[in-house]
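A.B. asks: Just entry_18.txt, nothing more (compact mmCIF, C-alpha atoms):
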```txt
# COMPACT_ATOMS: atom_id res chain seq x y z
CA MET A 1 14.22 5.90 -18.37
CA ASN A 2 15.14 2.38 -17.29
CA LEU A 3 11.91 0.36 -16.95
CA LEU A 4 12.64 -0.96 -13.46
CA ARG A 5 13.61 2.49 -12.23
CA SER A 6 10.35 3.84 -13.65
CA ARG A 7 8.44 1.07 -11.86
CA PHE A 8 10.18 1.86 -8.56
CA ARG A 9 9.13 5.49 -8.97
CA GLY A 10 5.63 4.50 -10.02
CA CYS A 11 5.26 2.36 -6.92
CA LEU A 12 6.28 4.96 -4.33
CA LEU A 13 4.57 7.80 -6.18
CA GLY A 14 1.51 5.57 -6.28
CA VAL A 15 1.54 5.35 -2.49
CA HIS A 16 2.08 9.11 -2.24
CA LEU A 17 -0.57 10.14 -4.74
CA GLY A 18 -3.20 7.57 -3.73
CA ASP A 19 -2.84 8.58 -0.09
CA THR A 20 -2.88 12.30 -0.79
CA LEU A 21 -5.78 12.40 -3.24
CA GLY A 22 -7.76 9.71 -1.42
CA SER A 23 -7.59 11.42 1.96
CA PRO A 24 -10.33 14.06 1.40
CA PHE A 25 -12.87 11.21 1.19
CA GLU A 26 -11.62 9.18 4.15
CA GLY A 27 -14.43 8.02 6.40
CA ASP A 28 -17.19 8.63 3.87
CA ALA A 29 -19.53 5.65 3.84
CA THR A 30 -20.04 6.15 0.12
CA VAL A 31 -18.45 8.40 -2.46
CA ALA A 32 -20.78 9.67 -5.19
CA LYS A 33 -19.21 8.85 -8.54
CA THR A 34 -20.30 12.14 -10.05
CA VAL A 35 -18.49 13.97 -7.26
CA LEU A 36 -15.41 11.79 -7.72
CA ARG A 37 -15.40 12.28 -11.50
CA ASN A 38 -15.61 16.04 -11.10
CA TYR A 39 -12.86 15.96 -8.46
CA LEU A 40 -10.42 14.12 -10.71
CA ASN A 41 -11.42 15.78 -13.99
CA ASN A 42 -11.05 19.25 -12.49
CA MET A 43 -7.51 18.43 -11.37
CA LEU A 44 -6.65 16.92 -14.74
CA ALA A 45 -8.03 19.95 -16.59
CA ASN A 46 -5.55 22.20 -14.76
CA LYS A 47 -7.90 25.17 -14.59
CA GLY A 48 -7.09 28.06 -12.27
CA ASN A 49 -4.99 27.75 -9.15
CA VAL A 50 -3.61 24.36 -8.26
CA GLN A 51 -4.87 23.18 -4.88
CA VAL A 52 -2.16 21.24 -3.05
CA PHE A 53 -3.35 18.45 -0.75
CA SER A 54 -1.32 17.21 2.22
CA PHE A 55 -0.27 13.60 2.51
CA THR A 56 -1.17 11.60 5.61
CA ASP A 57 0.46 9.09 7.95
CA ASP A 58 0.41 6.50 5.14
CA THR A 59 3.04 8.43 3.20
CA CYS A 60 4.91 9.56 6.34
CA MET A 61 5.46 5.99 7.46
CA THR A 62 6.29 4.79 3.96
CA ILE A 63 9.00 7.46 3.78
CA SER A 64 10.29 6.49 7.24
CA LEU A 65 10.44 2.81 6.34
CA ALA A 66 12.34 3.55 3.11
CA GLU A 67 14.78 5.86 4.89
CA SER A 68 15.44 3.30 7.63
CA LEU A 69 16.08 0.43 5.20
CA LEU A 70 18.46 2.59 3.16
CA LYS A 71 20.26 4.07 6.16
CA ASN A 72 20.83 0.69 7.82
CA ASN A 73 21.12 -1.39 4.64
CA GLY A 74 18.33 -3.58 5.92
CA PHE A 75 16.12 -4.00 8.94
CA ASN A 76 17.26 -2.59 12.28
CA ALA A 77 14.47 -2.74 14.85
CA ILE A 78 15.60 0.09 17.11
CA GLU A 79 16.49 2.41 14.25
CA MET A 80 13.22 1.76 12.42
CA ALA A 81 11.23 2.32 15.61
CA LYS A 82 13.06 5.63 16.07
CA GLN A 83 12.42 6.59 12.44
CA PHE A 84 8.68 5.96 12.80
CA THR A 85 8.43 7.68 16.19
CA GLU A 86 10.47 10.73 15.28
CA GLY A 87 8.48 11.09 12.07
CA TYR A 88 5.32 11.20 14.15
CA PHE A 89 6.61 13.76 16.64
CA GLN A 90 7.87 16.01 13.83
CA ASN A 91 4.30 16.36 12.59
CA THR A 92 1.57 14.88 14.74
CA ARG A 93 -1.26 16.17 12.52
CA ARG A 94 -1.00 13.64 9.73
CA GLY A 95 -3.97 11.50 10.72
CA TYR A 96 -2.16 8.93 12.83
CA GLY A 97 -4.50 6.50 14.59
CA TYR A 98 -4.83 6.54 18.37
CA ASN A 99 -3.41 3.06 18.79
CA VAL A 100 -0.22 3.66 16.84
CA VAL A 101 0.28 6.94 18.69
CA ASP A 102 0.20 4.97 21.95
CA VAL A 103 2.96 2.75 20.52
CA PHE A 104 5.07 5.76 19.59
CA ASN A 105 4.62 7.37 23.00
CA ALA A 106 5.65 4.13 24.72
CA LEU A 107 8.67 3.69 22.46
CA HIS A 108 9.76 7.24 23.20
CA LEU A 109 9.24 6.94 26.96
CA THR A 110 11.17 3.65 27.19
CA ASN A 111 13.97 4.94 24.93
CA TYR A 112 13.33 2.07 22.49
CA GLU A 113 14.50 -0.48 25.05
CA ASP A 114 12.33 -3.16 23.41
CA PRO A 115 11.11 -1.89 20.01
CA PHE A 116 8.52 -4.68 19.70
CA LEU A 117 7.01 -4.67 23.20
CA PRO A 118 4.59 -1.68 23.00
CA ALA A 119 2.84 -3.16 19.94
CA GLN A 120 2.71 -6.62 21.54
CA ARG A 121 0.92 -5.22 24.59
CA GLN A 122 -1.92 -3.68 22.62
CA PHE A 123 -5.44 -5.13 22.58
CA ASN A 124 -4.85 -7.31 25.66
CA GLY A 125 -1.73 -8.80 24.15
CA THR A 126 -3.23 -9.79 20.80
CA GLY A 127 -1.73 -6.85 18.91
CA SER A 128 -3.26 -4.78 16.12
CA TYR A 129 -4.55 -6.26 12.87
CA GLY A 130 -5.03 -2.85 11.27
CA ASN A 131 -3.74 -2.03 7.79
CA GLY A 132 -0.97 0.29 9.02
CA ALA A 133 1.78 -2.25 8.32
CA ALA A 134 0.47 -2.99 4.81
CA MET A 135 0.01 0.64 3.84
CA ARG A 136 3.70 1.44 4.34
CA ILE A 137 5.31 -1.79 3.09
CA ALA A 138 6.06 -0.77 -0.52
CA PRO A 139 9.72 0.19 0.16
CA ALA A 140 10.38 -3.30 1.55
CA ALA A 141 9.16 -4.80 -1.74
CA LEU A 142 11.62 -2.57 -3.62
CA PHE A 143 14.51 -2.99 -1.21
CA GLY A 144 14.07 -6.76 -1.10
CA LEU A 145 13.35 -7.36 -4.77
CA SER A 146 16.21 -9.86 -5.06
CA LEU A 147 15.34 -11.71 -1.82
CA SER A 148 13.72 -15.13 -1.74
CA ASP A 149 10.06 -15.42 -0.76
CA GLU A 150 10.99 -16.60 2.73
CA GLN A 151 13.48 -13.77 3.18
CA ILE A 152 11.00 -11.11 2.07
CA ASN A 153 8.33 -12.57 4.36
CA GLU A 154 10.74 -12.30 7.28
CA LEU A 155 11.66 -8.72 6.36
CA VAL A 156 8.00 -7.70 6.09
CA ALA A 157 7.12 -9.37 9.39
CA ASN A 158 9.94 -7.56 11.17
CA CYS A 159 8.99 -4.19 9.67
CA SER A 160 5.37 -4.80 10.67
CA LYS A 161 5.85 -5.96 14.27
CA ILE A 162 7.05 -2.58 15.51
CA THR A 163 3.43 -1.40 15.33
CA HIS A 164 1.34 -4.44 14.35
CA SER A 165 2.08 -7.74 16.09
CA ASN A 166 -1.15 -9.55 15.20
CA ALA A 167 -0.64 -12.18 12.48
CA LYS A 168 -3.59 -10.85 10.51
CA GLY A 169 -1.96 -7.42 10.28
CA ILE A 170 1.43 -8.91 9.43
CA ASN A 171 0.01 -11.24 6.78
CA GLY A 172 -1.86 -8.37 5.18
CA ALA A 173 1.46 -6.58 4.78
CA ILE A 174 3.01 -9.75 3.34
CA LEU A 175 0.19 -10.03 0.80
CA GLN A 176 0.54 -6.40 -0.26
CA CYS A 177 4.30 -6.80 -0.58
CA HIS A 178 3.98 -9.86 -2.82
CA ALA A 179 1.42 -8.08 -5.00
CA ILE A 180 3.93 -5.27 -5.55
CA ARG A 181 6.78 -7.73 -6.21
CA LEU A 182 4.72 -9.58 -8.82
CA ALA A 183 3.79 -6.29 -10.48
CA LEU A 184 7.44 -5.21 -10.60
CA LYS A 185 8.44 -8.48 -12.25
CA CYS A 186 5.52 -8.61 -14.69
CA ASP A 187 6.61 -8.97 -18.30
CA GLY A 188 3.90 -7.58 -20.57
CA PRO A 189 0.19 -7.03 -19.84
CA LEU A 190 -1.04 -8.33 -16.49
CA ASP A 191 -2.54 -11.82 -16.57
CA ALA A 192 -4.99 -11.26 -13.73
CA ILE A 193 -5.81 -14.93 -13.19
CA GLU A 194 -2.17 -15.98 -12.98
CA PHE A 195 -1.44 -12.98 -10.76
CA VAL A 196 -4.07 -14.03 -8.22
CA LYS A 197 -3.05 -17.70 -8.44
CA LYS A 198 0.51 -16.77 -7.50
CA LEU A 199 -0.71 -14.67 -4.59
CA LEU A 200 -2.92 -17.57 -3.51
CA ASN A 201 0.04 -19.93 -3.42
CA GLN A 202 1.98 -17.44 -1.31
CA MET A 203 -0.80 -16.89 1.20
CA ARG A 204 -1.70 -20.57 1.52
CA HIS A 205 1.87 -21.12 2.59
CA VAL A 206 2.03 -18.07 4.86
CA GLU A 207 -1.32 -18.64 6.54
CA GLY A 208 -0.53 -22.32 6.92
CA GLN A 209 2.46 -21.32 9.03
CA THR A 210 0.50 -18.93 11.27
CA ASN A 211 -2.44 -20.91 12.58
CA GLN A 212 -3.73 -18.08 14.74
CA SER A 213 -4.55 -15.96 11.66
CA GLY A 214 -6.82 -18.50 9.95
CA ASP A 215 -7.13 -18.45 6.17
CA ILE A 216 -8.80 -15.06 5.72
CA TYR A 217 -6.53 -13.87 2.91
CA THR A 218 -6.61 -17.21 1.14
CA THR A 219 -10.42 -17.11 1.25
CA SER A 220 -10.55 -13.57 -0.17
CA LEU A 221 -8.14 -14.48 -2.96
CA GLU A 222 -10.18 -17.60 -3.79
CA GLN A 223 -13.26 -15.39 -4.15
CA MET A 224 -11.28 -13.01 -6.34
CA LEU A 225 -10.08 -15.85 -8.55
CA LYS A 226 -13.62 -17.13 -9.03
CA ILE A 227 -14.75 -13.66 -10.14
CA LEU A 228 -11.90 -13.42 -12.65
CA GLU A 229 -12.53 -16.95 -13.98
CA GLY A 230 -16.27 -16.29 -14.27
CA SER A 231 -17.29 -19.04 -11.85
CA HIS A 232 -18.47 -16.71 -9.06
CA GLN A 233 -22.15 -15.89 -8.74
CA ILE A 234 -21.12 -12.23 -9.08
CA LYS A 235 -19.66 -11.67 -12.54
CA ASN A 236 -18.69 -8.01 -12.55
CA PRO A 237 -18.94 -6.62 -9.01
CA THR A 238 -20.43 -3.20 -8.42
CA THR A 239 -18.72 -0.86 -5.99
CA GLU A 240 -21.07 -1.98 -3.24
CA GLN A 241 -20.38 -5.64 -3.99
CA ILE A 242 -16.62 -5.07 -3.91
CA VAL A 243 -17.02 -3.58 -0.43
CA ASN A 244 -19.21 -6.49 0.68
CA LEU A 245 -16.73 -9.04 -0.65
CA PHE A 246 -13.40 -7.47 0.28
CA GLY A 247 -14.13 -4.55 2.63
CA ASN A 248 -13.21 -0.88 2.94
CA ASN A 249 -12.26 -0.44 6.59
CA VAL A 250 -9.02 -0.02 8.56
CA SER A 251 -8.45 -3.73 9.22
CA ALA A 252 -5.83 -5.33 7.00
CA MET A 253 -8.08 -8.25 6.05
CA ARG A 254 -10.85 -5.89 4.89
CA SER A 255 -8.71 -3.48 2.90
CA VAL A 256 -5.66 -5.22 1.40
CA PRO A 257 -7.77 -7.60 -0.75
CA SER A 258 -9.86 -4.62 -1.86
CA ALA A 259 -6.77 -2.73 -2.96
CA ILE A 260 -5.51 -5.72 -4.92
CA TYR A 261 -8.86 -6.19 -6.63
CA CYS A 262 -8.99 -2.48 -7.51
CA ALA A 263 -5.51 -2.70 -9.04
CA ILE A 264 -6.56 -5.68 -11.14
CA ARG A 265 -9.91 -4.18 -12.14
CA ALA A 266 -8.14 -0.99 -13.23
CA GLN A 267 -6.45 -2.87 -16.07
CA GLN A 268 -9.78 -2.82 -17.93
CA PRO A 269 -12.07 0.10 -18.88
CA LEU A 270 -14.56 1.39 -16.32
CA ASN A 271 -18.12 2.35 -17.18
CA ASP A 272 -18.17 5.14 -14.59
CA PHE A 273 -14.92 6.88 -15.52
CA GLU A 274 -13.73 7.09 -19.10
CA THR A 275 -9.95 7.00 -19.39
CA ASP A 276 -7.40 4.72 -21.01
CA ASN A 277 -5.00 5.29 -18.12
CA PRO A 278 -4.93 2.33 -15.67
CA PHE A 279 -3.41 4.48 -12.93
CA LEU A 280 -6.34 6.92 -13.07
CA ARG A 281 -8.75 4.01 -13.12
CA SER A 282 -7.16 2.52 -9.99
CA LEU A 283 -7.42 5.87 -8.24
CA PHE A 284 -11.08 6.23 -9.18
CA ILE A 285 -12.25 2.73 -8.29
CA SER A 286 -10.39 2.58 -4.97
CA ILE A 287 -11.64 5.97 -3.73
CA ALA A 288 -15.16 5.09 -4.88
CA LEU A 289 -15.25 2.30 -2.27
CA GLY A 290 -15.48 4.86 0.54
CA GLY A 291 -14.26 4.06 4.04
CA ASP A 292 -10.47 4.04 4.40
CA THR A 293 -10.03 5.70 1.02
CA ASP A 294 -6.52 7.07 1.46
CA THR A 295 -5.01 3.75 2.50
CA ILE A 296 -6.86 1.59 -0.04
CA ALA A 297 -6.01 4.05 -2.83
CA SER A 298 -2.37 4.19 -1.77
CA MET A 299 -2.06 0.39 -1.80
CA ALA A 300 -3.90 -0.03 -5.11
CA CYS A 301 -1.91 2.74 -6.80
CA ALA A 302 1.36 1.30 -5.46
CA ILE A 303 0.61 -1.96 -7.29
CA VAL A 304 -0.47 -0.24 -10.52
CA GLY A 305 2.51 2.12 -10.35
CA ALA A 306 4.84 -0.87 -9.92
CA LEU A 307 3.22 -2.49 -12.95
CA HIS A 308 3.18 0.45 -15.36
CA GLY A 309 5.85 2.84 -14.09
CA ASP A 310 5.71 6.54 -13.38
CA GLU A 311 5.00 7.51 -17.01
CA LYS A 312 1.35 6.57 -16.40
CA ILE A 313 1.08 9.08 -13.56
CA PRO A 314 -0.11 12.46 -14.92
CA ASP A 315 2.26 15.26 -13.94
CA ILE A 316 -0.67 17.55 -13.20
CA LEU A 317 -1.89 15.21 -10.45
CA LEU A 318 1.52 15.28 -8.81
CA LYS A 319 1.28 19.09 -8.71
CA HIS A 320 -1.74 18.66 -6.47
CA CYS A 321 0.31 16.61 -3.99
CA GLU A 322 2.59 17.84 -1.25
CA ASN A 323 6.29 17.13 -1.96
CA PRO A 324 6.04 14.14 -4.34
CA GLU A 325 9.75 14.53 -5.07
CA ILE A 326 10.48 12.94 -1.67
CA SER A 327 8.99 9.67 -2.85
CA SER A 328 10.57 9.76 -6.31
CA GLN A 329 13.99 10.43 -4.77
CA LEU A 330 13.66 7.53 -2.35
CA ALA A 331 12.56 5.30 -5.23
CA ASP A 332 15.72 6.27 -7.13
CA GLU A 333 17.88 5.47 -4.10
CA LEU A 334 16.24 2.08 -3.70
CA TYR A 335 16.71 1.41 -7.41
CA LYS A 336 20.43 2.30 -7.19
CA LYS A 337 20.80 -0.28 -4.41
CA ILE A 338 19.26 -2.99 -6.61
CA GLU A 339 21.31 -1.85 -9.60
CA ASN A 340 24.55 -2.00 -7.58
CA GLU A 341 23.66 -5.48 -6.31
CA GLY A 342 23.30 -6.58 -9.93
CA LYS A 343 26.71 -5.19 -10.81
CA GLY A 344 28.26 -6.91 -7.83
```
Take the structure in this file and express it as structure tokens.
C.D. replies:
Amino acid sequence: MNLLRSRFRGCLLGVHLGDTLGSPFEGDATVAKTVLRNYLNNMLANKGNVQVFSFTDDTCMTISLAESLLKNNGFNAIEMAKQFTEGYFQNTRRGYGYNVVDVFNALHLTNYEDPFLPAQRQFNGTGSYGNGAAMRIAPAALFGLSLSDEQINELVANCSKITHSNAKGINGAILQCHAIRLALKCDGPLDAIEFVKKLLNQMRHVEGQTNQSGDIYTTSLEQMLKILEGSHQIKNPTTEQIVNLFGNNVSAMRSVPSAIYCAIRAQQPLNDFETDNPFLRSLFISIALGGDTDTIASMACAIVGALHGDEKIPDILLKHCENPEISSQLADELYKKIENEGKG
């Protein structure tokens, strides 16, 4: 298979699989590594009946975003708002948060008159800085692969503002998108230090333009770089230290950096889970953080999938996921768009 096509599939299947297999642990303060090892090893062993797990709102909204971009050949605020809202009303039991449900109800009641207004009104007009925009942004990274950095930042911001108008939530989505873009364009093994340096340059620029967000992502990436260079007081963070440094909750600023660190850490062997597969390592280390396990795992696995392609995703794990073919098909459609642009 074409490498870029494989990476597109790996990215969206990473979202799908990380979300689906991370969701049973969502909200757990800690995840015992023995329990997590048994959970993954039992699925990989393929013994007995295959238990199929349902995906959550992370995958639902990723699918909706991809479908909207493809249908409209780019961002269309009203159509994307409809896609998100109709996806919610088709199946309300996917774990959607209360705040985003309020946005969908308002969009529906106002007939999408102003697709940005309901999100802008939340939290006394400050908007949400949750990780909901970041968790679904992978299709924008694929769709906009040929765009300039400024163009992709604008696309991500527009896709985010339908539900998350706070700069911290938008910038988290921008960071996640750039991590995926860098992974897609990586030639050879990941140079973790250069990877983080490039993300740092992006976020210094982005956060410098949005004064109200501060430099929270820049600060996290600076900490990450120090760890990788060996100049941080913590040399090889434990699970608990990763949580303390980068977080594990539903805010974008305390989950996106964690997902990126997990994706990077997964490129090297883990003491707690023996496998030579970086995708499995990313799944293990991200779920082990506890907290918002489905979203952090989906973001980490999206990056690793974009780096290594779908051949690193064990088929048996996909059998444990509800309808993974939806994500692989959308990945193929997004790839065809990029391929046709190249021919043009």
A.B. asks: One decimal, Å: what's the distance from atom CA of Ser282 of chain A over to atom CA of Ala300 of chain A, could you say?
C.D. replies: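 Atom CA of Ala300 of chain A lies 6.4 Å from atom CA of Ser282 of chain A.
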A.B. asks: Tell me which of A:Asn124, A:Asn271, A:Thr59, A:Asn41 sits closest to Met299 of chain A, counting all atoms listed in the file.
C.D. replies: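 Closest candidate: A:Thr59.
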A.B. asks: What's the separation between atom CA of Tyr96 of chain A and atom CA of Leu65 of chain A, in Å to one decimal place?
C.D. replies: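 Between these atoms lies a distance of 15.4 Å.
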A.B. asks: Counting only C-alpha atoms, which residue out of A:Thr34, A:Gly87, A:Gly74, A:Arg93 sits closest to Glu154 of chain A?
C.D. replies: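 With only C-alpha atoms as the atom set, the closest residue is A:Gly74.
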A.B. asks: Excluding segment 304-320 of chain A and any residue of its chain fewer than 3 positions from it, enumerate the residues within 6 Å of it, using only C-alpha atoms, and give them as a PDB file with C-alpha atoms, keeping the file's coordinate frame.
C.D. replies:
```pdb
ATOM      1  CA  SER A   6      10.350   3.840 -13.650  1.00  0.00           C
ATOM      2  CA  ARG A   7       8.440   1.070 -11.860  1.00  0.00           C
ATOM      3  CA  ARG A   9       9.130   5.490  -8.970  1.00  0.00           C
ATOM      4  CA  GLY A  10       5.630   4.500 -10.020  1.00  0.00           C
ATOM      5  CA  CYS A  11       5.260   2.360  -6.920  1.00  0.00           C
ATOM      6  CA  GLY A  14       1.510   5.570  -6.280  1.00  0.00           C
ATOM      7  CA  GLN A  51      -4.870  23.180  -4.880  1.00  0.00           C
ATOM      8  CA  VAL A  52      -2.160  21.240  -3.050  1.00  0.00           C
ATOM      9  CA  PHE A  53      -3.350  18.450  -0.750  1.00  0.00           C
ATOM     10  CA  ALA A 183       3.790  -6.290 -10.480  1.00  0.00           C
ATOM     11  CA  LEU A 184       7.440  -5.210 -10.600  1.00  0.00           C
ATOM     12  CA  ALA A 263      -5.510  -2.700  -9.040  1.00  0.00           C
ATOM     13  CA  CYS A 301      -1.910   2.740  -6.800  1.00  0.00           C
TER      14      CYS A 301
END
```
A.B. asks: For His164 of chain A, find every residue with an atom within 10 Å (counting all atoms listed in the file), except residues of its own chain fewer than 3 positions away, and show them as a list in words.
C.D. replies: Asn99, Val100, Val103, Phe116, Pro118, Ala119, Gln120, Gln122, Thr126, Gly127, Ser128, Tyr129, Gly130, Asn131, Gly132, Ala133, Ala134, Ala157, Asn158, Cys159, Ser160, Lys161, Ala167, Lys168, Gly169, Ile170 and Ala173 of chain A
A.B. asks: Restrict the selected residues to C-alpha atoms and save them as a compact mmCIF listing (two decimals), keeping the file's coordinate frame.
C.D. replies:
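Wrote selection-v3.txt, looks like this:
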```txt
# COMPACT_ATOMS: atom_id res chain seq x y z
CA ASN A 99 -3.41 3.06 18.79
CA VAL A 100 -0.22 3.66 16.84
CA VAL A 103 2.96 2.75 20.52
CA PHE A 116 8.52 -4.68 19.70
CA PRO A 118 4.59 -1.68 23.00
CA ALA A 119 2.84 -3.16 19.94
CA GLN A 120 2.71 -6.62 21.54
CA GLN A 122 -1.92 -3.68 22.62
CA THR A 126 -3.23 -9.79 20.80
CA GLY A 127 -1.73 -6.85 18.91
CA SER A 128 -3.26 -4.78 16.12
CA TYR A 129 -4.55 -6.26 12.87
CA GLY A 130 -5.03 -2.85 11.27
CA ASN A 131 -3.74 -2.03 7.79
CA GLY A 132 -0.97 0.29 9.02
CA ALA A 133 1.78 -2.25 8.32
CA ALA A 134 0.47 -2.99 4.81
CA ALA A 157 7.12 -9.37 9.39
CA ASN A 158 9.94 -7.56 11.17
CA CYS A 159 8.99 -4.19 9.67
CA SER A 160 5.37 -4.80 10.67
CA LYS A 161 5.85 -5.96 14.27
CA ALA A 167 -0.64 -12.18 12.48
CA LYS A 168 -3.59 -10.85 10.51
CA GLY A 169 -1.96 -7.42 10.28
CA ILE A 170 1.43 -8.91 9.43
CA ALA A 173 1.46 -6.58 4.78
```
A.B. asks: Excluding segment 227-229 of chain A and residues on its chain fewer than 2 positions from it, collect all residues at most 10 Å away from it, counting all atoms listed in the file, and give them as a list in words.
C.D. replies: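 That gives Ala192, Ile193, Val196, Leu221, Glu222, Gln223, Met224, Leu225, Ser231, His232, Gln233, Ile234, Lys235, Asn236, Pro237, Tyr261, Ile264 and Arg265 of chain A.
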A.B. asks: Since we have the selection now, will you write its residues out, keeping C-alpha atoms, as an mmCIF file, in the coordinates of the input?
C.D. replies:
```cif
data_model
loop_
_atom_site.group_PDB
_atom_site.id
_atom_site.type_symbol
_atom_site.label_atom_id
_atom_site.label_comp_id
_atom_site.auth_asym_id
_atom_site.auth_seq_id
_atom_site.Cartn_x
_atom_site.Cartn_y
_atom_site.Cartn_z
ATOM 1 C CA ALA A 192 -4.990 -11.260 -13.730
ATOM 2 C CA ILE A 193 -5.810 -14.930 -13.190
ATOM 3 C CA VAL A 196 -4.070 -14.030 -8.220
ATOM 4 C CA LEU A 221 -8.140 -14.480 -2.960
ATOM 5 C CA GLU A 222 -10.180 -17.600 -3.790
ATOM 6 C CA GLN A 223 -13.260 -15.390 -4.150
ATOM 7 C CA MET A 224 -11.280 -13.010 -6.340
ATOM 8 C CA LEU A 225 -10.080 -15.850 -8.550
ATOM 9 C CA SER A 231 -17.290 -19.040 -11.850
ATOM 10 C CA HIS A 232 -18.470 -16.710 -9.060
ATOM 11 C CA GLN A 233 -22.150 -15.890 -8.740
ATOM 12 C CA ILE A 234 -21.120 -12.230 -9.080
ATOM 13 C CA LYS A 235 -19.660 -11.670 -12.540
ATOM 14 C CA ASN A 236 -18.690 -8.010 -12.550
ATOM 15 C CA PRO A 237 -18.940 -6.620 -9.010
ATOM 16 C CA TYR A 261 -8.860 -6.190 -6.630
ATOM 17 C CA ILE A 264 -6.560 -5.680 -11.140
ATOM 18 C CA ARG A 265 -9.910 -4.180 -12.140
#
```
A.B. asks: Using only C-alpha atoms, find the one residue out of A:Leu280, A:Ser146, A:Leu155, A:Glu322 that sits nearest to Gly342 of chain A.
C.D. replies: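 Going through A:Leu280, A:Ser146, A:Leu155, A:Glu322 one by one, the smallest distance to Gly342 of chain A is for A:Ser146.
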A.B. asks: Let me make sure I understand: among A:Thr219, A:Lys343, A:Ile303, A:Thr163, which one has the smallest atom-to-atom distance to His178 of chain A if we use only C-alpha atoms?
C.D. replies: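 Of all the options, A:Ile303 lies closest to His178 of chain A.
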A.B. asks: Here is a test: counting all atoms listed in the file, which residue of A:Ile63, A:Leu199, A:Leu289, A:Ala266 is nearest to Phe246 of chain A?
C.D. replies: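 With all atoms listed in the file as the atom set, the closest residue is A:Leu289.
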A.B. asks: Rounded to one decimal in Å, what is the spacing between atom CA of Leu70 of chain A and atom CA of Gly22 of chain A?
C.D. replies: 27.6 Å
A.B. asks: Using only C-alpha atoms, list the residues that have an atom at most 6 Å from (15.5, 1.1, 1.8), coordinates as in the file, as a PyMOL selection string.
C.D. replies: chain A and resi 66-67+69-70+143+334
A.B. asks: Counting all atoms listed in the file, figure out which residue out of A:Glu207, A:Arg37, A:Asn166, A:Asn73 gets nearest to Gly125 of chain A.
C.D. replies: A:Asn166
A.B. asks: Contacts of Phe25 of chain A at 9 Å or less, counting only C-alpha atoms, minus same-chain residues fewer than 5 places along, as a list in words?
C.D. replies: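 Result of the neighbour search: Thr30, Val31, Ile287, Ala288, Gly290, Gly291, Asp292, Thr293 and Asp294 of chain A.
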A.B. asks: Neighbours of Met135 of chain A within 8 Å (only C-alpha atoms; same-chain residues fewer than 5 positions away dropped), as a list in words?
C.D. replies: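 Result of the neighbour search: Asp58, Thr62, Ala173, Thr295, Ile296, Ser298 and Met299 of chain A.
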